[in-house]
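The data block below is upload-v1.pdb; it holds PDB, C-alpha atoms.
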MODEL        1
ATOM      1  CA  MET A   1      44.170  -6.321  89.876
ATOM      2  CA  GLY A   2      44.379  -2.774  88.673
ATOM      3  CA  LEU A   3      47.193  -0.487  87.880
ATOM      4  CA  GLU A   4      46.994   1.313  91.213
ATOM      5  CA  GLN A   5      47.555  -1.837  93.172
ATOM      6  CA  LYS A   6      50.549  -2.780  91.065
ATOM      7  CA  ALA A   7      52.047   0.665  91.228
ATOM      8  CA  GLY A   8      51.452   1.008  94.906
ATOM      9  CA  ASP A   9      52.422   4.306  96.459
ATOM     10  CA  MET A  10      55.271   4.999  94.085
ATOM     11  CA  GLY A  11      53.308   5.418  90.863
ATOM     12  CA  ILE A  12      55.841   3.424  88.884
ATOM     13  CA  VAL A  13      55.060   0.485  86.624
ATOM     14  CA  THR A  14      57.729  -1.664  85.058
ATOM     15  CA  ALA A  15      57.287  -3.678  81.923
ATOM     16  CA  ARG A  16      59.401  -5.063  79.142
ATOM     17  CA  LEU A  17      60.468  -2.436  76.633
ATOM     18  CA  GLU A  18      59.372  -4.696  73.807
ATOM     19  CA  ASP A  19      55.832  -4.829  75.153
ATOM     20  CA  VAL A  20      55.611  -1.106  75.614
ATOM     21  CA  VAL A  21      56.956  -0.332  72.157
ATOM     22  CA  ASN A  22      54.644  -2.818  70.482
ATOM     23  CA  TRP A  23      51.704  -1.532  72.505
ATOM     24  CA  ALA A  24      52.414   1.995  71.363
ATOM     25  CA  ARG A  25      52.747   0.912  67.742
ATOM     26  CA  THR A  26      49.438  -0.900  67.710
ATOM     27  CA  ARG A  27      47.427   1.760  69.443
ATOM     28  CA  ALA A  28      47.969   4.502  66.882
ATOM     29  CA  MET A  29      48.699   2.964  63.521
ATOM     30  CA  TRP A  30      48.043   5.479  60.769
ATOM     31  CA  PRO A  31      46.902   4.045  57.463
ATOM     32  CA  ALA A  32      47.929   5.444  54.125
ATOM     33  CA  LEU A  33      45.130   6.524  51.823
ATOM     34  CA  PHE A  34      45.443   3.827  49.174
ATOM     35  CA  GLY A  35      42.068   2.722  47.943
ATOM     36  CA  LEU A  36      42.238   1.507  44.384
ATOM     37  CA  ALA A  37      38.902  -0.033  43.425
ATOM     38  CA  CYS A  38      35.685  -1.353  44.951
ATOM     39  CA  CYS A  39      37.375  -2.414  48.188
ATOM     40  CA  ALA A  40      38.062   1.249  48.786
ATOM     41  CA  ILE A  41      34.338   1.775  49.256
ATOM     42  CA  GLU A  42      34.281  -0.812  52.006
ATOM     43  CA  MET A  43      37.360   0.780  53.525
ATOM     44  CA  MET A  44      35.567   4.107  53.534
ATOM     45  CA  ALA A  45      32.528   2.427  55.072
ATOM     46  CA  ALA A  46      34.747   0.984  57.776
ATOM     47  CA  GLN A  47      36.225   4.410  58.395
ATOM     48  CA  ALA A  48      32.836   6.100  58.626
ATOM     49  CA  ALA A  49      30.493   6.423  61.564
ATOM     50  CA  ASN A  50      28.699   3.105  61.821
ATOM     51  CA  TYR A  51      31.791   0.912  61.806
ATOM     52  CA  ASP A  52      34.364   3.251  63.195
ATOM     53  CA  MET A  53      38.047   2.746  62.509
ATOM     54  CA  SER A  54      39.145   5.501  64.821
ATOM     55  CA  ARG A  55      38.496   3.040  67.633
ATOM     56  CA  PHE A  56      41.824   1.541  66.592
ATOM     57  CA  GLY A  57      43.664   4.823  66.480
ATOM     58  CA  MET A  58      43.132   5.235  62.742
ATOM     59  CA  GLU A  59      41.315   8.506  63.025
ATOM     60  CA  LEU A  60      42.028   9.499  59.465
ATOM     61  CA  MET A  61      44.012   8.181  56.558
ATOM     62  CA  ARG A  62      47.212  10.016  55.886
ATOM     63  CA  ALA A  63      47.449  11.183  52.319
ATOM     64  CA  SER A  64      51.221  11.114  52.356
ATOM     65  CA  PRO A  65      52.926   7.717  52.628
ATOM     66  CA  ARG A  66      55.773   9.324  54.503
ATOM     67  CA  GLN A  67      53.497   9.928  57.471
ATOM     68  CA  SER A  68      51.821   6.536  57.634
ATOM     69  CA  ASP A  69      52.605   3.110  59.099
ATOM     70  CA  LEU A  70      50.018   0.888  57.515
ATOM     71  CA  MET A  71      49.012   0.412  53.923
ATOM     72  CA  PHE A  72      45.660  -1.113  53.082
ATOM     73  CA  VAL A  73      46.025  -2.255  49.494
ATOM     74  CA  ALA A  74      42.323  -2.057  48.768
ATOM     75  CA  GLY A  75      41.558  -3.160  45.256
ATOM     76  CA  ARG A  76      43.074  -4.701  42.164
ATOM     77  CA  VAL A  77      46.546  -3.645  41.069
ATOM     78  CA  THR A  78      47.218  -3.456  37.341
ATOM     79  CA  ASN A  79      50.555  -3.798  35.598
ATOM     80  CA  LYS A  80      50.675  -0.057  35.170
ATOM     81  CA  MET A  81      50.011   0.588  38.864
ATOM     82  CA  GLY A  82      52.525  -1.955  40.178
ATOM     83  CA  PRO A  83      55.635   0.270  40.095
ATOM     84  CA  VAL A  84      53.636   3.106  41.637
ATOM     85  CA  LEU A  85      52.535   0.863  44.487
ATOM     86  CA  ARG A  86      56.111  -0.253  45.108
ATOM     87  CA  ARG A  87      57.330   3.333  45.079
ATOM     88  CA  LEU A  88      54.733   4.386  47.641
ATOM     89  CA  TYR A  89      55.624   1.401  49.800
ATOM     90  CA  ASN A  90      59.284   2.388  49.651
ATOM     91  CA  GLN A  91      58.398   5.891  50.724
ATOM     92  CA  MET A  92      56.812   4.678  53.929
ATOM     93  CA  PRO A  93      59.214   4.831  56.875
ATOM     94  CA  ASP A  94      59.858   1.797  59.084
ATOM     95  CA  PRO A  95      58.024   0.271  60.901
ATOM     96  CA  LYS A  96      55.467  -0.435  58.231
ATOM     97  CA  TRP A  97      52.879  -3.102  57.608
ATOM     98  CA  VAL A  98      50.713  -4.032  54.668
ATOM     99  CA  ILE A  99      47.207  -5.431  54.804
ATOM    100  CA  SER A 100      46.105  -6.864  51.485
ATOM    101  CA  MET A 101      42.382  -6.180  51.453
ATOM    102  CA  GLY A 102      40.077  -8.205  49.336
ATOM    103  CA  ASP A 103      40.451 -11.044  46.869
ATOM    104  CA  CYS A 104      42.013  -9.014  44.076
ATOM    105  CA  ALA A 105      44.872  -7.777  46.195
ATOM    106  CA  SER A 106      45.450 -11.164  47.812
ATOM    107  CA  CYS A 107      45.359 -13.461  44.810
ATOM    108  CA  GLY A 108      44.101 -11.635  41.740
ATOM    109  CA  GLY A 109      40.482 -12.303  42.605
ATOM    110  CA  VAL A 110      38.173 -12.961  39.703
ATOM    111  CA  PHE A 111      40.648 -11.367  37.284
ATOM    112  CA  ASN A 112      43.057 -14.041  36.080
ATOM    113  CA  ASN A 113      44.534 -12.273  33.048
ATOM    114  CA  TYR A 114      47.413 -10.315  31.565
ATOM    115  CA  ALA A 115      46.555  -6.969  33.116
ATOM    116  CA  ILE A 116      46.120  -7.617  36.849
ATOM    117  CA  PHE A 117      48.773  -8.680  39.329
ATOM    118  CA  GLN A 118      47.860 -12.086  40.697
ATOM    119  CA  GLY A 119      48.250 -11.030  44.274
ATOM    120  CA  VAL A 120      49.920  -7.890  45.447
ATOM    121  CA  ASP A 121      52.590  -9.963  47.179
ATOM    122  CA  GLU A 122      54.355 -10.053  43.837
ATOM    123  CA  VAL A 123      55.278  -6.450  44.594
ATOM    124  CA  VAL A 124      55.158  -5.706  48.326
ATOM    125  CA  PRO A 125      55.490  -7.982  51.371
ATOM    126  CA  VAL A 126      52.091  -8.530  52.938
ATOM    127  CA  ASP A 127      51.413  -9.101  56.627
ATOM    128  CA  VAL A 128      47.714  -9.882  56.708
ATOM    129  CA  TYR A 129      45.471 -11.029  53.872
ATOM    130  CA  VAL A 130      41.750 -10.382  54.039
ATOM    131  CA  ALA A 131      39.437 -12.534  51.963
ATOM    132  CA  GLY A 132      36.196 -11.200  50.588
ATOM    133  CA  CYS A 133      34.850  -9.454  47.566
ATOM    134  CA  PRO A 134      34.657  -6.940  49.101
ATOM    135  CA  PRO A 135      35.351  -7.864  52.718
ATOM    136  CA  ARG A 136      32.809  -6.503  55.147
ATOM    137  CA  PRO A 137      33.999  -3.832  57.555
ATOM    138  CA  GLU A 138      33.907  -6.421  60.317
ATOM    139  CA  ALA A 139      36.306  -8.573  58.303
ATOM    140  CA  LEU A 140      38.599  -5.589  57.909
ATOM    141  CA  PHE A 141      38.567  -5.058  61.657
ATOM    142  CA  HIS A 142      39.374  -8.703  62.174
ATOM    143  CA  ALA A 143      42.382  -8.123  59.934
ATOM    144  CA  VAL A 144      43.410  -5.073  61.945
ATOM    145  CA  ILE A 145      43.113  -7.019  65.202
ATOM    146  CA  THR A 146      45.127  -9.882  63.712
ATOM    147  CA  LEU A 147      47.771  -7.397  62.691
ATOM    148  CA  HIS A 148      47.783  -5.988  66.220
ATOM    149  CA  GLU A 149      48.383  -9.445  67.613
ATOM    150  CA  LYS A 150      51.147  -9.991  65.112
ATOM    151  CA  VAL A 151      52.764  -6.704  66.054
ATOM    152  CA  LYS A 152      52.553  -7.543  69.749
ATOM    153  CA  ARG A 153      54.623 -10.648  69.083
ATOM    154  CA  GLU A 154      57.321  -8.737  67.197
ATOM    155  CA  LYS A 155      60.849  -8.586  68.487
ATOM    156  CA  LEU A 156      62.471  -5.306  69.268
ATOM    157  CA  THR A 157      65.405  -6.151  67.056
ATOM    158  CA  LYS A 158      63.242  -6.322  63.968
ATOM    159  CA  TYR A 159      63.582  -2.630  63.211
ATOM    160  CA  ALA A 160      66.668  -1.902  65.296
TER     161      ALA A 160
ATOM    162  CA  MET B   1      11.123  15.301  12.048
ATOM    163  CA  SER B   2      14.401  13.765  12.907
ATOM    164  CA  GLU B   3      13.680  10.870  10.574
ATOM    165  CA  GLU B   4      13.596  13.174   7.567
ATOM    166  CA  LYS B   5      16.797  14.929   8.559
ATOM    167  CA  LEU B   6      18.476  11.599   9.047
ATOM    168  CA  HIS B   7      17.176  10.398   5.698
ATOM    169  CA  ALA B   8      18.459  13.506   3.969
ATOM    170  CA  ALA B   9      21.880  13.099   5.541
ATOM    171  CA  VAL B  10      22.064   9.430   4.640
ATOM    172  CA  GLN B  11      21.024  10.133   1.075
ATOM    173  CA  ALA B  12      23.642  12.836   0.640
ATOM    174  CA  MET B  13      26.333  10.659   2.182
ATOM    175  CA  SER B  14      25.623   7.671   0.023
ATOM    176  CA  GLU B  15      25.768   9.831  -3.097
ATOM    177  CA  ARG B  16      28.849  11.843  -2.296
ATOM    178  CA  PHE B  17      31.055   9.316  -0.549
ATOM    179  CA  GLU B  18      29.746   6.052  -1.969
ATOM    180  CA  ALA B  19      28.542   4.689   1.325
ATOM    181  CA  GLU B  20      26.568   1.492   1.723
ATOM    182  CA  VAL B  21      23.589   2.005   3.971
ATOM    183  CA  GLU B  22      22.387  -0.609   6.409
ATOM    184  CA  VAL B  23      19.333  -0.116   8.609
ATOM    185  CA  PHE B  24      18.797  -2.653  11.358
ATOM    186  CA  ARG B  25      16.151  -2.283  14.055
ATOM    187  CA  GLY B  26      16.049   1.467  13.717
ATOM    188  CA  GLU B  27      19.829   1.973  13.697
ATOM    189  CA  THR B  28      21.456   3.369  10.570
ATOM    190  CA  THR B  29      25.003   2.463   9.618
ATOM    191  CA  LEU B  30      27.059   3.810   6.747
ATOM    192  CA  PHE B  31      29.916   1.675   5.483
ATOM    193  CA  LEU B  32      32.678   3.851   4.010
ATOM    194  CA  ALA B  33      36.190   3.542   2.715
ATOM    195  CA  ALA B  34      38.786   4.454   5.318
ATOM    196  CA  GLU B  35      40.263   7.405   3.416
ATOM    197  CA  LYS B  36      36.901   9.114   3.109
ATOM    198  CA  MET B  37      36.063   9.058   6.814
ATOM    199  CA  PRO B  38      37.397  12.497   7.837
ATOM    200  CA  ALA B  39      35.699  14.236   4.921
ATOM    201  CA  ALA B  40      32.444  12.421   5.531
ATOM    202  CA  ALA B  41      32.535  13.193   9.245
ATOM    203  CA  ALA B  42      33.289  16.852   8.551
ATOM    204  CA  ALA B  43      30.386  17.056   6.131
ATOM    205  CA  LEU B  44      28.062  15.428   8.624
ATOM    206  CA  ARG B  45      29.168  17.786  11.369
ATOM    207  CA  ASP B  46      29.011  21.006   9.360
ATOM    208  CA  GLU B  47      26.074  20.554   7.031
ATOM    209  CA  PHE B  48      23.819  18.059   8.718
ATOM    210  CA  GLY B  49      24.289  18.954  12.366
ATOM    211  CA  PHE B  50      25.858  15.757  13.737
ATOM    212  CA  ASP B  51      27.891  17.653  16.268
ATOM    213  CA  ASN B  52      28.480  14.918  18.846
ATOM    214  CA  LEU B  53      30.798  11.940  18.711
ATOM    215  CA  LEU B  54      29.438   9.547  21.284
ATOM    216  CA  ASP B  55      31.683   6.557  20.865
ATOM    217  CA  ALA B  56      34.421   5.151  18.670
ATOM    218  CA  SER B  57      35.913   1.734  18.842
ATOM    219  CA  ALA B  58      36.965  -1.274  16.795
ATOM    220  CA  LEU B  59      35.936  -4.865  16.207
ATOM    221  CA  ASP B  60      38.114  -7.841  15.428
ATOM    222  CA  TYR B  61      36.664 -10.539  13.201
ATOM    223  CA  TRP B  62      39.538 -13.036  13.410
ATOM    224  CA  PRO B  63      39.451 -15.917  12.484
ATOM    225  CA  GLU B  64      36.436 -15.363  10.249
ATOM    226  CA  THR B  65      38.297 -12.940   7.990
ATOM    227  CA  PRO B  66      41.952 -13.167   8.929
ATOM    228  CA  ASP B  67      43.385 -11.018   6.142
ATOM    229  CA  LEU B  68      40.849  -8.786   4.476
ATOM    230  CA  GLY B  69      38.468  -6.681   6.498
ATOM    231  CA  ARG B  70      39.626  -8.136   9.775
ATOM    232  CA  PHE B  71      39.091  -4.935  11.759
ATOM    233  CA  HIS B  72      35.986  -2.808  11.614
ATOM    234  CA  VAL B  73      36.237   0.686  13.051
ATOM    235  CA  PHE B  74      33.049   2.522  13.879
ATOM    236  CA  TYR B  75      32.219   6.052  14.979
ATOM    237  CA  GLN B  76      28.857   6.685  16.597
ATOM    238  CA  LEU B  77      27.573  10.169  15.794
ATOM    239  CA  PHE B  78      24.681  11.984  17.420
ATOM    240  CA  SER B  79      22.844  15.125  16.425
ATOM    241  CA  MET B  80      21.512  17.168  19.308
ATOM    242  CA  GLN B  81      19.606  19.523  17.026
ATOM    243  CA  HIS B  82      17.707  16.794  15.214
ATOM    244  CA  TYR B  83      17.872  13.990  17.804
ATOM    245  CA  ALA B  84      19.273  11.432  15.411
ATOM    246  CA  MET B  85      21.990   8.794  15.701
ATOM    247  CA  LEU B  86      24.201   7.601  12.884
ATOM    248  CA  ARG B  87      27.091   5.198  12.709
ATOM    249  CA  LEU B  88      30.078   5.394  10.325
ATOM    250  CA  ARG B  89      31.928   2.163   9.819
ATOM    251  CA  THR B  90      35.027   1.083   7.854
ATOM    252  CA  ARG B  91      36.779  -2.162   7.172
ATOM    253  CA  LEU B  92      40.554  -2.406   7.640
ATOM    254  CA  ASP B  93      42.866  -5.195   6.559
ATOM    255  CA  ASN B  94      45.082  -7.206   8.794
ATOM    256  CA  ALA B  95      48.302  -6.407   6.961
ATOM    257  CA  ASN B  96      48.261  -2.689   7.614
ATOM    258  CA  PRO B  97      45.313  -1.457   9.650
ATOM    259  CA  THR B  98      45.746   2.284   9.122
ATOM    260  CA  MET B  99      43.276   5.039   8.643
ATOM    261  CA  PRO B 100      43.280   8.832   8.892
ATOM    262  CA  THR B 101      42.438  10.278  12.262
ATOM    263  CA  LEU B 102      39.182  12.020  13.092
ATOM    264  CA  THR B 103      40.733  14.214  15.769
ATOM    265  CA  GLY B 104      40.533  17.251  13.517
ATOM    266  CA  VAL B 105      36.797  16.841  13.152
ATOM    267  CA  TYR B 106      35.873  15.623  16.633
ATOM    268  CA  PRO B 107      38.544  16.364  19.263
ATOM    269  CA  ASN B 108      37.212  13.758  21.663
ATOM    270  CA  ALA B 109      38.238  11.054  19.214
ATOM    271  CA  ASN B 110      41.785  11.549  20.518
ATOM    272  CA  TRP B 111      41.602   9.129  23.449
ATOM    273  CA  LYS B 112      39.277   6.752  21.657
ATOM    274  CA  GLU B 113      41.810   6.343  18.887
ATOM    275  CA  ARG B 114      44.611   5.918  21.436
ATOM    276  CA  GLU B 115      42.577   3.121  22.964
ATOM    277  CA  MET B 116      42.127   1.527  19.536
ATOM    278  CA  TRP B 117      45.867   1.684  18.950
ATOM    279  CA  ASP B 118      46.592   0.202  22.358
ATOM    280  CA  MET B 119      44.069  -2.611  22.230
ATOM    281  CA  PHE B 120      43.931  -3.484  18.505
ATOM    282  CA  GLY B 121      47.025  -2.065  16.871
ATOM    283  CA  ILE B 122      45.132   0.204  14.468
ATOM    284  CA  THR B 123      47.333   3.157  13.578
ATOM    285  CA  PHE B 124      45.887   6.566  12.845
ATOM    286  CA  GLU B 125      47.755   8.897  10.494
ATOM    287  CA  ASP B 126      48.493  12.369  11.880
ATOM    288  CA  HIS B 127      47.293  11.501  15.343
ATOM    289  CA  PRO B 128      48.573  14.191  17.733
ATOM    290  CA  ASP B 129      49.396  11.787  20.581
ATOM    291  CA  PRO B 130      50.029   8.201  19.451
ATOM    292  CA  ARG B 131      50.744   6.578  22.822
ATOM    293  CA  ARG B 132      49.299   3.684  24.719
ATOM    294  CA  ILE B 133      46.553   4.638  27.080
ATOM    295  CA  LEU B 134      45.492   1.574  29.085
ATOM    296  CA  MET B 135      48.517  -0.717  29.130
ATOM    297  CA  PRO B 136      51.982   0.329  30.366
ATOM    298  CA  TYR B 137      53.883   2.399  27.807
ATOM    299  CA  ASP B 138      56.435  -0.287  27.021
ATOM    300  CA  TRP B 139      53.951  -3.142  26.649
ATOM    301  CA  GLU B 140      54.287  -5.311  23.559
ATOM    302  CA  GLY B 141      51.266  -6.680  21.847
ATOM    303  CA  HIS B 142      47.695  -5.583  21.455
ATOM    304  CA  PRO B 143      45.563  -7.266  24.088
ATOM    305  CA  LEU B 144      42.048  -7.087  22.658
ATOM    306  CA  ARG B 145      42.915  -8.848  19.421
ATOM    307  CA  LYS B 146      41.313 -12.235  19.211
ATOM    308  CA  ASP B 147      44.635 -14.033  18.804
ATOM    309  CA  TYR B 148      46.173 -12.493  21.917
ATOM    310  CA  PRO B 149      46.557 -14.999  24.770
ATOM    311  CA  LEU B 150      44.459 -14.578  27.884
ATOM    312  CA  GLY B 151      47.546 -14.419  30.058
ATOM    313  CA  TYR B 152      46.068 -16.218  32.973
ATOM    314  CA  GLU B 153      48.111 -17.720  35.762
ATOM    315  CA  GLU B 154      47.956 -21.312  36.789
ATOM    316  CA  ILE B 155      45.840 -21.759  39.884
ATOM    317  CA  GLN B 156      47.998 -22.396  42.921
ATOM    318  CA  PHE B 157      47.013 -25.799  44.264
ATOM    319  CA  THR B 158      49.069 -27.797  46.723
ATOM    320  CA  PHE B 159      50.957 -29.751  44.093
ATOM    321  CA  ASN B 160      52.365 -26.664  42.370
ATOM    322  CA  PHE B 161      52.401 -24.428  45.425
ATOM    323  CA  ASP B 162      56.171 -24.172  45.714
ATOM    324  CA  GLU B 163      56.805 -23.497  42.041
ATOM    325  CA  ILE B 164      54.397 -20.600  41.985
ATOM    326  CA  ASN B 165      55.619 -19.308  45.320
ATOM    327  CA  GLN B 166      59.084 -18.842  43.858
ATOM    328  CA  ARG B 167      57.659 -16.127  41.647
ATOM    329  CA  LYS B 168      56.399 -14.253  44.663
ATOM    330  CA  PRO B 169      59.492 -13.289  46.612
ATOM    331  CA  ASN B 170      57.588 -10.995  48.911
ATOM    332  CA  ALA B 171      55.067 -13.574  50.100
ATOM    333  CA  LYS B 172      56.315 -14.105  53.615
ATOM    334  CA  GLY B 173      54.458 -15.803  56.390
ATOM    335  CA  LEU B 174      53.405 -18.711  54.163
ATOM    336  CA  ARG B 175      55.582 -21.693  54.880
TER     337      ARG B 175
ENDMDL
END
With the file now loaded, output its structure as structure tokens.
Amino acid sequence: MGLEQKAGDMGIVTARLEDVVNWARTRAMWPALFGLACCAIEMMAAQAANYDMSRFGMELMRASPRQSDLMFVAGRVTNKMGPVLRRLYNQMPDPKWVISMGDCASCGGVFNNYAIFQGVDEVVPVDVYVAGCPPRPEALFHAVITLHEKVKREKLTKYA
Amino acid sequence: MSEEKLHAAVQAMSERFEAEVEVFRGETTLFLAAEKMPAAAAALRDEFGFDNLLDASALDYWPETPDLGRFHVFYQLFSMQHYAMLRLRTRLDNANPTMPTLTGVYPNANWKEREMWDMFGITFEDHPDPRRILMPYDWEGHPLRKDYPLGYEEIQFTFNFDEINQRKPNAKGLR
């Protein structure tokens, strides 16, 4: 049953506001350019031609956090970088989401020592964790699709 | 040709600055006293053509020698004109690991010596920029010393899941 049959002659479609807002938010989520280490290479590979991230509306990564919705924390975060990461996260306007890409950002990865944060969720709230060292571009897309499903279930009052 | 130049330099060094020479598998090392390092490096750079400082770092021999000669500092020199490599090495005590800086002779020793200060706690007199370079500026301790703890976190299994989760206030979506 297509849109024309539902709209009929009037050309009007009604839906819940929540659904429309969440649909709009998922279809053009702009990521912030935040590649830290090796996972950044896989993020670039996912952005490039073969595995294309602009299918999901992420045509390019915004260099400024103030113009982005999504932050891929791609790579390990050191003690020195932690406050910087938090500051950039604070500079992102609502609504914002964080995907923790790779093992180092999710749980510290192979680096269990004094210098690396054991999981970036010590600093910023994470929505989706991606496992892998580094995660393949397909895994990253699975994370993006999971985030889309999570956003579709969000209530309108979350950012009201 | 480079062998002779290297030999000549080593000979002159061992006479003038009382250096012990050690040759191991084709690599020549000169052991010096810490105070003589800048003069020796300047002589090597000006007279013998060792114009390149390739690398400079430190070694920690704790607990073999906990008090005397605990740290060894080495500077790897290279001569582009004669294609020869030479290493200068000093021993520093644990109580006060200080030595004069080589930034006046080789400017690229600046960051290398900052790294040595950060990781080992070796101070350099008259260093133009004595700050930490790898760790945060207000970090306490010198991580690459052998008696520094690894600082690892307990692995989060199910039995200690809640205790560790309390340290992660931003971890939402997990129970």
Please write as a list in words the full residue list that the ChimeraX specification (/B :<10) & /A yields on this file.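 Taken on the displayed file, the ChimeraX specification (/B :<10) & /A yields the residues Thr78, Asn79, Lys80, Met81, Cys107, Gly108, Phe111, Asn112, Asn113, Tyr114, Ala115, Ile116, Phe117, Gln118, Gly119, Val120, Asp121, Glu122, Val123, Val124, Pro125, Val126, Asp127 and Val128 of chain A.
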d(CA of Ile41 in chain A, CA of Lys150 in chain A) in Å: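 We find that CA of Ile41 in chain A and CA of Lys150 in chain A lie 25.9 Å from each other.
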Can you list, as a list of chain:residue names, the residues that the PyMOL selection byres ((chain A and resi 145) around 12) selects here? A:Thr26, A:Arg27, A:Met29, A:Met53, A:Arg55, A:Phe56, A:Gly57, A:Ile99, A:Val128, A:Val130, A:Glu138, A:Ala139, A:Leu140, A:Phe141, A:His142, A:Ala143, A:Val144, A:Thr146, A:Leu147, A:His148, A:Glu149, A:Lys150, A:Val151, A:Lys152
Around all of range 120-126 of chain B's listed atoms, make the axis-aligned box with 5 Å on each side and tell me centre and edge lengths in Å to one decimal, as JSON.
{"center_x": 46.2, "center_y": 4.4, "center_z": 14.5, "size_x": 14.6, "size_y": 25.9, "size_z": 18.0}
Reference answer for the PyMOL selection byres ((chain B and resi 35) around 7), as an NGL selection string: :B and (33-34 or 36-37 or 99-100)
For CA of Ile133 in chain B and CA of Ser106 in chain A, quote the distance in Å rounded to one decimal.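 Going from CA of Ile133 in chain B over to CA of Ser106 in chain A, I get 26.1 Å.
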Report the distance between CA of Cys38 in chain A and CA of Ala105 in chain A in Å, rounded to one decimal place. 11.3 Å
Would you mind listing what lies within 10 Å of Ala109 in chain B as a ChimeraX atom specification, with only C-alpha atoms counted and same-chain residues fewer than 2 positions away left out? /B:53-57,75,101-107,111-115,127
Just want the 10 Å neighbourhood of Glu18 in chain B, counted on all atoms listed in the file, with same-chain residues fewer than 2 positions away dropped. Output as a ChimeraX atom specification. /B:12-16,20-21,30-33,36
Under the rule that only C-alpha atoms are counted, which of B:Arg145, B:Asn160, B:Phe17, B:Met119 is the nearest residue to Ala43 in chain B?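 Distance minimum relative to Ala43 in chain B lands on B:Phe17.
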B:Glu4, B:Asp129, B:Asp147, B:Glu27 ranked by distance to Glu64 in chain B, top pick (using all atoms listed in the file):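 Between B:Glu4, B:Asp129, B:Asp147, B:Glu27, the residue approaching Glu64 in chain B most closely is B:Asp147.
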Counting only C-alpha atoms, which residues come within 7 Å of (45.6, -6.4, 0.7), with the point read in the file's coordinates, and could you list them as a compact mmCIF listing (two decimals) with C-alpha atoms, keeping the file's coordinate frame?
# COMPACT_ATOMS: atom_id res chain seq x y z
CA LEU B 68 40.85 -8.79 4.48
CA ASP B 93 42.87 -5.20 6.56
CA ALA B 95 48.30 -6.41 6.96
Do a neighbour search on Gly26 in chain B at 12 Å with only C-alpha atoms, toss out local chain neighbours closer than 6 positions, and write the hits as an mmCIF file with C-alpha atoms, keeping the file's coordinate frame.
data_model
loop_
_atom_site.group_PDB
_atom_site.id
_atom_site.type_symbol
_atom_site.label_atom_id
_atom_site.label_comp_id
_atom_site.auth_asym_id
_atom_site.auth_seq_id
_atom_site.Cartn_x
_atom_site.Cartn_y
_atom_site.Cartn_z
ATOM 1 C CA GLU B 3 13.680 10.870 10.574
ATOM 2 C CA LEU B 6 18.476 11.599 9.047
ATOM 3 C CA ALA B 84 19.273 11.432 15.411
ATOM 4 C CA MET B 85 21.990 8.794 15.701
ATOM 5 C CA LEU B 86 24.201 7.601 12.884
ATOM 6 C CA ARG B 87 27.091 5.198 12.709
#
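The residue that comes closest to Asp19 in chain A, out of A:Asp94, A:Asp103, A:Glu59, A:Glu154 and on the basis of only C-alpha atoms, is A:Glu154.
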Given all atoms listed in the file as the counted atoms, nearest of A:Leu156, A:Ala32, A:Ala74, A:Leu88 to Gly132 in chain A: A:Ala74
Is there a way to complete range 45-56 of chain B with N, CA and C atoms and then write that out as a CSV table (one decimal), in the frame of the given file?
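Output saved as part28.csv:
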chain,number,residue,atom,x,y,z
B,45,ARG,N,29.2,16.8,10.2
B,45,ARG,CA,29.2,17.8,11.4
B,45,ARG,C,28.7,19.2,10.9
B,46,ASP,N,29.3,19.6,9.7
B,46,ASP,CA,29.0,21.0,9.4
B,46,ASP,C,27.7,21.2,8.7
B,47,GLU,N,27.3,20.3,7.8
B,47,GLU,CA,26.1,20.6,7.0
B,47,GLU,C,24.9,19.9,7.7
B,48,PHE,N,25.0,18.8,8.3
B,48,PHE,CA,23.8,18.1,8.7
B,48,PHE,C,23.6,18.1,10.2
B,49,GLY,N,24.5,18.8,10.9
B,49,GLY,CA,24.3,19.0,12.4
B,49,GLY,C,24.6,17.8,13.3
B,50,PHE,N,25.5,16.9,12.8
B,50,PHE,CA,25.9,15.8,13.7
B,50,PHE,C,27.1,16.2,14.5
B,51,ASP,N,26.8,17.0,15.6
B,51,ASP,CA,27.9,17.7,16.3
B,51,ASP,C,28.5,16.9,17.4
B,52,ASN,N,28.0,15.7,17.7
B,52,ASN,CA,28.5,14.9,18.8
B,52,ASN,C,29.1,13.6,18.4
B,53,LEU,N,30.3,13.3,18.9
B,53,LEU,CA,30.8,11.9,18.7
B,53,LEU,C,30.6,11.2,20.0
B,54,LEU,N,29.7,10.2,20.0
B,54,LEU,CA,29.4,9.5,21.3
B,54,LEU,C,30.5,8.5,21.6
B,55,ASP,N,30.9,7.7,20.6
B,55,ASP,CA,31.7,6.6,20.9
B,55,ASP,C,32.5,6.2,19.6
B,56,ALA,N,33.6,5.6,19.8
B,56,ALA,CA,34.4,5.2,18.7
B,56,ALA,C,35.2,4.0,19.1
